[in-house]
$ cat work-v3.pdb   # PDB, C-alpha atoms
ATOM      1  CA  MET A1141     -10.222  27.518  20.675
ATOM      2  CA  PHE A1142      -7.378  26.007  22.704
ATOM      3  CA  SER A1143      -8.252  22.377  22.030
ATOM      4  CA  SER A1144      -4.951  21.896  20.203
ATOM      5  CA  PHE A1145      -3.137  22.387  23.534
ATOM      6  CA  THR A1146      -4.857  19.480  25.219
ATOM      7  CA  ARG A1147      -2.904  16.292  25.700
ATOM      8  CA  ARG A1148      -3.759  13.430  23.370
ATOM      9  CA  LEU A1149      -4.323   9.946  24.681
ATOM     10  CA  PRO A1150      -1.808   7.398  23.405
ATOM     11  CA  GLU A1151      -3.051   5.311  20.478
ATOM     12  CA  ILE A1152      -2.286   1.616  20.951
ATOM     13  CA  SER A1153      -3.179  -1.072  18.436
ATOM     14  CA  ILE A1154      -2.963  -4.793  18.957
ATOM     15  CA  PHE A1155      -2.891  -6.882  15.816
ATOM     16  CA  HIS A1156      -4.547  -9.845  17.481
ATOM     17  CA  ASN A1157      -4.765 -13.486  16.483
ATOM     18  CA  PRO A1158      -7.417 -15.213  18.649
ATOM     19  CA  ALA A1159      -5.697 -18.566  18.018
ATOM     20  CA  SER A1160      -2.443 -17.385  19.611
ATOM     21  CA  PRO A1161      -2.074 -17.801  23.410
ATOM     22  CA  PRO A1162       0.442 -14.899  23.700
ATOM     23  CA  SER A1163      -1.978 -12.685  21.765
ATOM     24  CA  ILE A1164      -4.847 -13.608  24.079
ATOM     25  CA  LYS A1165      -2.673 -12.888  27.122
ATOM     26  CA  ALA A1166      -1.499  -9.518  25.739
ATOM     27  CA  LEU A1167      -5.060  -8.432  24.916
ATOM     28  CA  ALA A1168      -6.205  -9.354  28.433
ATOM     29  CA  LEU A1169      -3.288  -7.386  29.900
ATOM     30  CA  LEU A1170      -4.117  -4.306  27.815
ATOM     31  CA  ARG A1171      -7.814  -4.444  28.703
ATOM     32  CA  THR A1172      -7.086  -4.983  32.409
ATOM     33  CA  SER A1173      -4.759  -1.970  32.470
ATOM     34  CA  LEU A1174      -7.625   0.167  31.110
ATOM     35  CA  SER A1175     -10.305  -1.092  33.482
ATOM     36  CA  GLY A1176      -8.538  -1.658  36.793
ATOM     37  CA  PRO A1177      -5.699  -0.250  38.861
ATOM     38  CA  TYR A1178      -2.345  -0.250  37.120
ATOM     39  CA  PRO A1179      -0.123  -1.727  38.334
ATOM     40  CA  SER A1180      -2.599  -4.248  39.707
ATOM     41  CA  GLU A1181      -0.517  -4.737  42.884
ATOM     42  CA  ASN A1182      -1.322  -1.140  43.889
ATOM     43  CA  ALA A1183      -5.085  -1.043  44.554
ATOM     44  CA  SER A1184      -5.068   2.756  44.858
ATOM     45  CA  ALA A1185      -3.454   3.278  41.433
ATOM     46  CA  PRO A1186      -5.764   4.542  38.695
ATOM     47  CA  PRO A1187      -6.152   2.661  35.414
ATOM     48  CA  LEU A1188      -4.015   3.719  32.484
ATOM     49  CA  GLN A1189      -5.587   5.925  29.846
ATOM     50  CA  PHE A1190      -5.087   5.166  26.174
ATOM     51  CA  ASN A1191      -7.165   4.381  23.114
ATOM     52  CA  LEU A1192      -7.039   0.660  22.364
ATOM     53  CA  ASP A1193      -7.687  -0.573  18.847
ATOM     54  CA  VAL A1194      -8.057  -4.356  18.532
ATOM     55  CA  VAL A1195      -7.347  -5.358  14.931
ATOM     56  CA  GLU A1196      -7.989  -8.958  13.916
ATOM     57  CA  THR A1197      -6.422  -8.564  10.490
ATOM     58  CA  PRO A1198      -2.679  -8.522   9.805
ATOM     59  CA  PRO A1199      -0.872  -5.196   9.394
ATOM     60  CA  THR A1200      -0.497  -3.660   5.944
ATOM     61  CA  SER A1201       2.908  -3.258   4.334
ATOM     62  CA  ASP A1202       2.992   0.445   5.311
ATOM     63  CA  GLN A1203       2.078  -0.424   8.893
ATOM     64  CA  LEU A1204       4.791  -3.117   8.972
ATOM     65  CA  ARG A1205       7.364  -0.582   7.750
ATOM     66  CA  THR A1206       6.392   1.826  10.550
ATOM     67  CA  ILE A1207       6.276  -0.941  13.167
ATOM     68  CA  MET A1208       9.783  -2.080  12.255
ATOM     69  CA  SER A1209      11.042   1.504  12.660
ATOM     70  CA  TYR A1210       9.766   1.378  16.269
ATOM     71  CA  ILE A1211      11.657  -1.810  17.172
ATOM     72  CA  PRO A1212      14.718  -0.846  19.269
ATOM     73  CA  SER A1213      17.060  -3.488  17.867
ATOM     74  CA  LYS A1214      17.023  -3.037  14.137
ATOM     75  CA  THR A1215      17.372  -6.301  12.272
ATOM     76  CA  ALA A1216      18.724  -6.465   8.758
ATOM     77  CA  ASN A1217      15.751  -8.534   7.652
ATOM     78  CA  PRO A1218      12.213  -7.840   8.941
ATOM     79  CA  SER A1219      11.336 -11.493   8.317
ATOM     80  CA  SER A1220      13.504 -12.559  11.242
ATOM     81  CA  ALA A1221      11.565 -10.246  13.593
ATOM     82  CA  LEU A1222       8.079 -11.043  12.289
ATOM     83  CA  LEU A1223       8.060 -14.710  11.274
ATOM     84  CA  SER A1224       7.457 -17.482  13.787
ATOM     85  CA  ALA A1225       9.047 -20.908  14.031
ATOM     86  CA  HIS A1226       5.685 -22.523  13.212
ATOM     87  CA  PRO A1227       6.022 -25.504  10.840
ATOM     88  CA  SER A1228       3.935 -23.672   8.242
ATOM     89  CA  SER A1229       6.408 -20.754   8.144
ATOM     90  CA  PRO A1230       8.685 -20.560   5.144
ATOM     91  CA  SER A1231      12.233 -21.816   5.577
ATOM     92  CA  PRO A1232      14.902 -19.132   6.087
ATOM     93  CA  SER A1233      15.948 -19.376   2.450
ATOM     94  CA  GLU A1234      12.326 -18.699   1.395
ATOM     95  CA  HIS A1235      11.645 -15.768   3.761
ATOM     96  CA  PRO A1236       9.957 -12.806   2.103
ATOM     97  CA  GLN A1237      12.326  -9.867   1.726
ATOM     98  CA  GLY A1238       9.973  -6.907   1.408
ATOM     99  CA  PHE A1239       7.137  -5.492   3.478
ATOM    100  CA  SER A1240       4.564  -6.140   0.735
ATOM    101  CA  GLU A1241       5.573  -9.804   0.577
ATOM    102  CA  LEU A1242       5.413 -10.072   4.386
ATOM    103  CA  ALA A1243       1.939  -8.491   4.426
ATOM    104  CA  ASN A1244       0.763 -10.947   1.755
ATOM    105  CA  LEU A1245       2.184 -13.896   3.696
ATOM    106  CA  SER A1246       0.476 -12.741   6.903
ATOM    107  CA  ARG A1247      -2.894 -12.678   5.130
ATOM    108  CA  GLN A1248      -2.376 -16.068   3.474
ATOM    109  CA  ASN A1249      -0.795 -17.856   6.450
ATOM    110  CA  PRO A1250      -1.411 -16.130   9.817
ATOM    111  CA  SER A1251       0.363 -18.978  11.667
ATOM    112  CA  ALA A1252       3.616 -17.919  10.033
ATOM    113  CA  PHE A1253       3.646 -14.652  12.007
ATOM    114  CA  LYS A1254       4.574 -13.936  15.613
ATOM    115  CA  TRP A1255       1.492 -12.713  17.468
ATOM    116  CA  PRO A1256       0.575 -10.327  18.942
ATOM    117  CA  ILE A1257       1.930  -7.240  17.258
ATOM    118  CA  VAL A1258       1.294  -4.350  19.666
ATOM    119  CA  VAL A1259       2.053  -0.779  18.642
ATOM    120  CA  ASP A1260       2.032   2.480  20.572
ATOM    121  CA  TRP A1261       1.645   4.799  17.578
ATOM    122  CA  THR A1262       1.938   7.916  19.735
ATOM    123  CA  GLY A1263       4.995   6.842  21.732
ATOM    124  CA  GLY A1264       6.822   5.108  18.890
ATOM    125  CA  GLN A1265       7.078   1.693  20.539
ATOM    126  CA  ALA A1266       6.254  -1.782  19.258
ATOM    127  CA  SER A1267       6.348  -5.339  20.515
ATOM    128  CA  ILE A1268       6.220  -8.383  18.268
ATOM    129  CA  GLY A1269       5.200 -11.751  19.685
ATOM    130  CA  ASP A1270       6.249 -10.806  23.192
ATOM    131  CA  VAL A1271       4.001 -10.207  26.206
ATOM    132  CA  ASP A1272       6.987  -8.790  28.131
ATOM    133  CA  GLY A1273       7.294  -6.102  25.454
ATOM    134  CA  VAL A1274       3.653  -5.177  26.067
ATOM    135  CA  LYS A1275       4.371  -4.955  29.807
ATOM    136  CA  ALA A1276       7.296  -2.610  29.057
ATOM    137  CA  MET A1277       4.988  -0.408  26.949
ATOM    138  CA  LEU A1278       2.446  -0.242  29.747
ATOM    139  CA  GLU A1279       5.210   0.580  32.233
ATOM    140  CA  THR A1280       6.286   3.508  30.029
ATOM    141  CA  LEU A1281       2.678   4.758  30.026
ATOM    142  CA  ARG A1282       2.534   4.381  33.819
ATOM    143  CA  LYS A1283       5.758   6.335  34.265
ATOM    144  CA  ARG A1284       4.431   9.101  32.038
ATOM    145  CA  ARG A1285       1.129   9.144  33.965
ATOM    146  CA  ASP A1286       2.951   9.290  37.308
ATOM    147  CA  GLY A1287       5.341  12.038  36.165
ATOM    148  CA  GLU A1288       8.447   9.848  36.206
ATOM    149  CA  LEU A1289       8.999  10.484  32.475
ATOM    150  CA  LYS A1290       8.631  13.730  30.635
ATOM    151  CA  ASP A1291       7.530  13.759  27.005
ATOM    152  CA  GLU A1292      10.990  14.916  25.906
ATOM    153  CA  ASP A1293      12.519  11.827  27.601
ATOM    154  CA  LEU A1294      10.571   9.537  25.289
ATOM    155  CA  HIS A1295      11.576   8.353  21.834
ATOM    156  CA  GLN A1296       9.720  10.503  19.366
ATOM    157  CA  PRO A1297       9.710   8.930  15.913
ATOM    158  CA  LYS A1298      10.277  11.102  12.891
ATOM    159  CA  GLY A1299       7.181  10.089  10.957
ATOM    160  CA  TRP A1300       4.209  11.537   9.239
ATOM    161  CA  PHE A1301       2.691  13.096  12.334
ATOM    162  CA  SER A1302       5.759  14.338  14.184
TER     163      SER A1302
END
$ encode --input "work-v3.pdb" --output "structure tokens"
Amino acid sequence: MFSSFTRRLPEISIFHNPASPPSIKALALLRTSLSGPYPSENASAPPLQFNLDVVETPPTSDQLRTIMSYIPSKTANPSSALLSAHPSSPSPSEHPQGFSELANLSRQNPSAFKWPIVVDWTGGQASIGDVDGVKAMLETLRKRRDGELKDEDLHQPKGWFS
């Protein structure tokens, strides 16, 4: 009857490319934070609690739109945030302009994207191609777990489920 009052676990997705060293490192960090003490330096700390979804396909155009809304520094062009400097990436003059075009490029040429793309769908945070961004996400979860942050102190996106 009162199940709607229970606290939901954060939903975190990692769009993972097994060929990307930063993606491998971020996935290991996420899994370690679920299975062992977090932070690892504090042996008495409990693991973090969240639902982890490992996705080995690129995000859809709708997911990319939402992910970009979670990035703190808004860039005028999503291509600059999502595309890597890999030689197979399109030149700046050929960068896709829309989310559909970016999603198509990510399916056709995964090396063109920055990996991993990690998203906290519940907390409204995202990190693109940056393990430090994943660490910051986990630190936010730790602070919430330890009572250092209240839910009203967190960024709450104005999306479909808010």
$ resolve_selection --input "work-v3.pdb" --expression "the PyMOL selection byres ((chain A and resi 1194) around 10)" --output "JSON, numbers by chain"
{"A": [1152, 1153, 1154, 1155, 1156, 1157, 1167, 1191, 1192, 1193, 1195, 1196, 1197, 1258]}
$ residues_around --input "work-v3.pdb" --residues "Ala1266 (chain A)" --least-positions-apart "2" --cutoff "6 Å" --atoms "all atoms listed in the file" --output "JSON, numbers by chain"
{"A": [1210, 1211, 1258, 1259]}
$ resolve_selection --input "work-v3.pdb" --expression "the PyMOL selection byres ((chain A and resi 1281-1285) around 10)" --output "list in words"
Pro1150, Ser1173, Tyr1178, Pro1179, Ala1185, Pro1186, Pro1187, Leu1188, Gln1189, Phe1190, Asp1260, Gly1263, Lys1275, Ala1276, Met1277, Leu1278, Glu1279, Thr1280, Asp1286, Gly1287, Glu1288, Leu1289, Lys1290, Asp1291, Asp1293 and Leu1294 of chain A
$ resolve_selection --input "work-v3.pdb" --expression "the PyMOL selection byres ((chain A and resi 1222-1226) around 12)" --output "ChimeraX atom specification"
/A:1160,1198-1199,1204-1205,1207-1208,1211,1215,1217-1221,1227-1232,1234-1239,1242-1243,1245-1246,1249-1257,1266-1270
$ atom_distance --input "work-v3.pdb" --atom1 "CA of Arg1247 (chain A)" --atom2 "CA of Leu1174 (chain A)"
29.4 Å
$ atom_distance --input "work-v3.pdb" --atom1 "CA of Pro1158 (chain A)" --atom2 "CA of Glu1181 (chain A)"
27.3 Å
$ atom_distance --input "work-v3.pdb" --atom1 "CA of Ile1164 (chain A)" --atom2 "CA of Val1271 (chain A)"
9.7 Å
$ decode --input "work-v3.pdb" --residues "region 1193-1219 of chain A" --atoms "N, CA, C and O atoms" --output "PDB file, in the first residue's frame"
ATOM      1  N   ASP A1193      23.175  -0.542 -15.374  1.00  0.00           N
ATOM      2  CA  ASP A1193      22.796  -1.097 -16.674  1.00  0.00           C
ATOM      3  C   ASP A1193      23.982  -0.902 -17.618  1.00  0.00           C
ATOM      4  O   ASP A1193      24.346   0.240 -17.927  1.00  0.00           O
ATOM      5  N   VAL A1194      24.592  -2.002 -18.044  1.00  0.00           N
ATOM      6  CA  VAL A1194      25.719  -1.942 -18.974  1.00  0.00           C
ATOM      7  C   VAL A1194      25.161  -2.129 -20.382  1.00  0.00           C
ATOM      8  O   VAL A1194      24.599  -3.175 -20.702  1.00  0.00           O
ATOM      9  N   VAL A1195      25.310  -1.096 -21.204  1.00  0.00           N
ATOM     10  CA  VAL A1195      24.745  -1.093 -22.553  1.00  0.00           C
ATOM     11  C   VAL A1195      25.910  -1.060 -23.542  1.00  0.00           C
ATOM     12  O   VAL A1195      26.707  -0.127 -23.522  1.00  0.00           O
ATOM     13  N   GLU A1196      25.993  -2.075 -24.384  1.00  0.00           N
ATOM     14  CA  GLU A1196      27.101  -2.128 -25.341  1.00  0.00           C
ATOM     15  C   GLU A1196      26.676  -1.671 -26.727  1.00  0.00           C
ATOM     16  O   GLU A1196      27.323  -1.995 -27.724  1.00  0.00           O
ATOM     17  N   THR A1197      25.608  -0.907 -26.783  1.00  0.00           N
ATOM     18  CA  THR A1197      25.190  -0.260 -28.027  1.00  0.00           C
ATOM     19  C   THR A1197      25.188   1.244 -27.772  1.00  0.00           C
ATOM     20  O   THR A1197      25.025   1.680 -26.629  1.00  0.00           O
ATOM     21  N   PRO A1198      25.365   2.040 -28.802  1.00  0.00           N
ATOM     22  CA  PRO A1198      25.368   3.496 -28.604  1.00  0.00           C
ATOM     23  C   PRO A1198      23.985   4.003 -28.181  1.00  0.00           C
ATOM     24  O   PRO A1198      22.969   3.362 -28.434  1.00  0.00           O
ATOM     25  N   PRO A1199      23.946   5.173 -27.558  1.00  0.00           N
ATOM     26  CA  PRO A1199      22.659   5.757 -27.171  1.00  0.00           C
ATOM     27  C   PRO A1199      21.827   6.143 -28.399  1.00  0.00           C
ATOM     28  O   PRO A1199      22.366   6.457 -29.459  1.00  0.00           O
ATOM     29  N   THR A1200      20.515   6.151 -28.205  1.00  0.00           N
ATOM     30  CA  THR A1200      19.602   6.600 -29.256  1.00  0.00           C
ATOM     31  C   THR A1200      19.615   8.125 -29.307  1.00  0.00           C
ATOM     32  O   THR A1200      20.151   8.791 -28.416  1.00  0.00           O
ATOM     33  N   SER A1201      18.983   8.678 -30.307  1.00  0.00           N
ATOM     34  CA  SER A1201      18.935  10.143 -30.417  1.00  0.00           C
ATOM     35  C   SER A1201      18.189  10.757 -29.229  1.00  0.00           C
ATOM     36  O   SER A1201      18.596  11.801 -28.720  1.00  0.00           O
ATOM     37  N   ASP A1202      17.108  10.124 -28.774  1.00  0.00           N
ATOM     38  CA  ASP A1202      16.386  10.644 -27.601  1.00  0.00           C
ATOM     39  C   ASP A1202      17.251  10.569 -26.345  1.00  0.00           C
ATOM     40  O   ASP A1202      17.245  11.487 -25.522  1.00  0.00           O
ATOM     41  N   GLN A1203      17.982   9.466 -26.190  1.00  0.00           N
ATOM     42  CA  GLN A1203      18.877   9.347 -25.044  1.00  0.00           C
ATOM     43  C   GLN A1203      19.980  10.403 -25.112  1.00  0.00           C
ATOM     44  O   GLN A1203      20.322  11.006 -24.094  1.00  0.00           O
ATOM     45  N   LEU A1204      20.532  10.637 -26.292  1.00  0.00           N
ATOM     46  CA  LEU A1204      21.578  11.662 -26.444  1.00  0.00           C
ATOM     47  C   LEU A1204      21.046  13.045 -26.067  1.00  0.00           C
ATOM     48  O   LEU A1204      21.739  13.820 -25.390  1.00  0.00           O
ATOM     49  N   ARG A1205      19.823  13.345 -26.462  1.00  0.00           N
ATOM     50  CA  ARG A1205      19.214  14.637 -26.125  1.00  0.00           C
ATOM     51  C   ARG A1205      19.119  14.787 -24.598  1.00  0.00           C
ATOM     52  O   ARG A1205      19.474  15.829 -24.045  1.00  0.00           O
ATOM     53  N   THR A1206      18.670  13.729 -23.925  1.00  0.00           N
ATOM     54  CA  THR A1206      18.551  13.780 -22.464  1.00  0.00           C
ATOM     55  C   THR A1206      19.926  13.872 -21.813  1.00  0.00           C
ATOM     56  O   THR A1206      20.134  14.664 -20.884  1.00  0.00           O
ATOM     57  N   ILE A1207      20.877  13.079 -22.289  1.00  0.00           N
ATOM     58  CA  ILE A1207      22.230  13.092 -21.746  1.00  0.00           C
ATOM     59  C   ILE A1207      22.834  14.494 -21.842  1.00  0.00           C
ATOM     60  O   ILE A1207      23.419  15.007 -20.886  1.00  0.00           O
ATOM     61  N   MET A1208      22.671  15.134 -22.981  1.00  0.00           N
ATOM     62  CA  MET A1208      23.233  16.477 -23.149  1.00  0.00           C
ATOM     63  C   MET A1208      22.581  17.481 -22.212  1.00  0.00           C
ATOM     64  O   MET A1208      23.229  18.433 -21.776  1.00  0.00           O
ATOM     65  N   SER A1209      21.313  17.251 -21.837  1.00  0.00           N
ATOM     66  CA  SER A1209      20.661  18.167 -20.887  1.00  0.00           C
ATOM     67  C   SER A1209      21.230  17.997 -19.479  1.00  0.00           C
ATOM     68  O   SER A1209      21.068  18.876 -18.638  1.00  0.00           O
ATOM     69  N   TYR A1210      21.898  16.874 -19.214  1.00  0.00           N
ATOM     70  CA  TYR A1210      22.490  16.609 -17.905  1.00  0.00           C
ATOM     71  C   TYR A1210      23.922  17.123 -17.786  1.00  0.00           C
ATOM     72  O   TYR A1210      24.475  17.142 -16.698  1.00  0.00           O
ATOM     73  N   ILE A1211      24.534  17.505 -18.891  1.00  0.00           N
ATOM     74  CA  ILE A1211      25.916  17.981 -18.872  1.00  0.00           C
ATOM     75  C   ILE A1211      25.921  19.408 -18.308  1.00  0.00           C
ATOM     76  O   ILE A1211      25.214  20.277 -18.815  1.00  0.00           O
ATOM     77  N   PRO A1212      26.728  19.652 -17.249  1.00  0.00           N
ATOM     78  CA  PRO A1212      26.702  20.971 -16.605  1.00  0.00           C
ATOM     79  C   PRO A1212      27.084  22.125 -17.532  1.00  0.00           C
ATOM     80  O   PRO A1212      26.443  23.147 -17.528  1.00  0.00           O
ATOM     81  N   SER A1213      28.120  21.959 -18.322  1.00  0.00           N
ATOM     82  CA  SER A1213      28.516  23.042 -19.222  1.00  0.00           C
ATOM     83  C   SER A1213      27.876  22.778 -20.575  1.00  0.00           C
ATOM     84  O   SER A1213      28.290  21.899 -21.321  1.00  0.00           O
ATOM     85  N   LYS A1214      26.868  23.535 -20.867  1.00  0.00           N
ATOM     86  CA  LYS A1214      26.148  23.356 -22.123  1.00  0.00           C
ATOM     87  C   LYS A1214      27.036  23.841 -23.273  1.00  0.00           C
ATOM     88  O   LYS A1214      27.579  24.935 -23.244  1.00  0.00           O
ATOM     89  N   THR A1215      27.179  23.007 -24.275  1.00  0.00           N
ATOM     90  CA  THR A1215      27.925  23.411 -25.454  1.00  0.00           C
ATOM     91  C   THR A1215      26.927  23.711 -26.560  1.00  0.00           C
ATOM     92  O   THR A1215      25.849  23.130 -26.610  1.00  0.00           O
ATOM     93  N   ALA A1216      27.291  24.619 -27.423  1.00  0.00           N
ATOM     94  CA  ALA A1216      26.399  24.999 -28.513  1.00  0.00           C
ATOM     95  C   ALA A1216      26.163  23.828 -29.459  1.00  0.00           C
ATOM     96  O   ALA A1216      25.095  23.680 -30.023  1.00  0.00           O
ATOM     97  N   ASN A1217      27.183  22.979 -29.605  1.00  0.00           N
ATOM     98  CA  ASN A1217      27.073  21.871 -30.539  1.00  0.00           C
ATOM     99  C   ASN A1217      27.371  20.560 -29.815  1.00  0.00           C
ATOM    100  O   ASN A1217      28.482  20.368 -29.333  1.00  0.00           O
ATOM    101  N   PRO A1218      26.396  19.650 -29.742  1.00  0.00           N
ATOM    102  CA  PRO A1218      26.636  18.368 -29.057  1.00  0.00           C
ATOM    103  C   PRO A1218      27.795  17.573 -29.648  1.00  0.00           C
ATOM    104  O   PRO A1218      28.430  16.792 -28.954  1.00  0.00           O
ATOM    105  N   SER A1219      28.100  17.782 -30.915  1.00  0.00           N
ATOM    106  CA  SER A1219      29.209  17.063 -31.544  1.00  0.00           C
ATOM    107  C   SER A1219      30.521  17.307 -30.808  1.00  0.00           C
ATOM    108  O   SER A1219      31.327  16.402 -30.652  1.00  0.00           O
TER     109      SER A1219
END
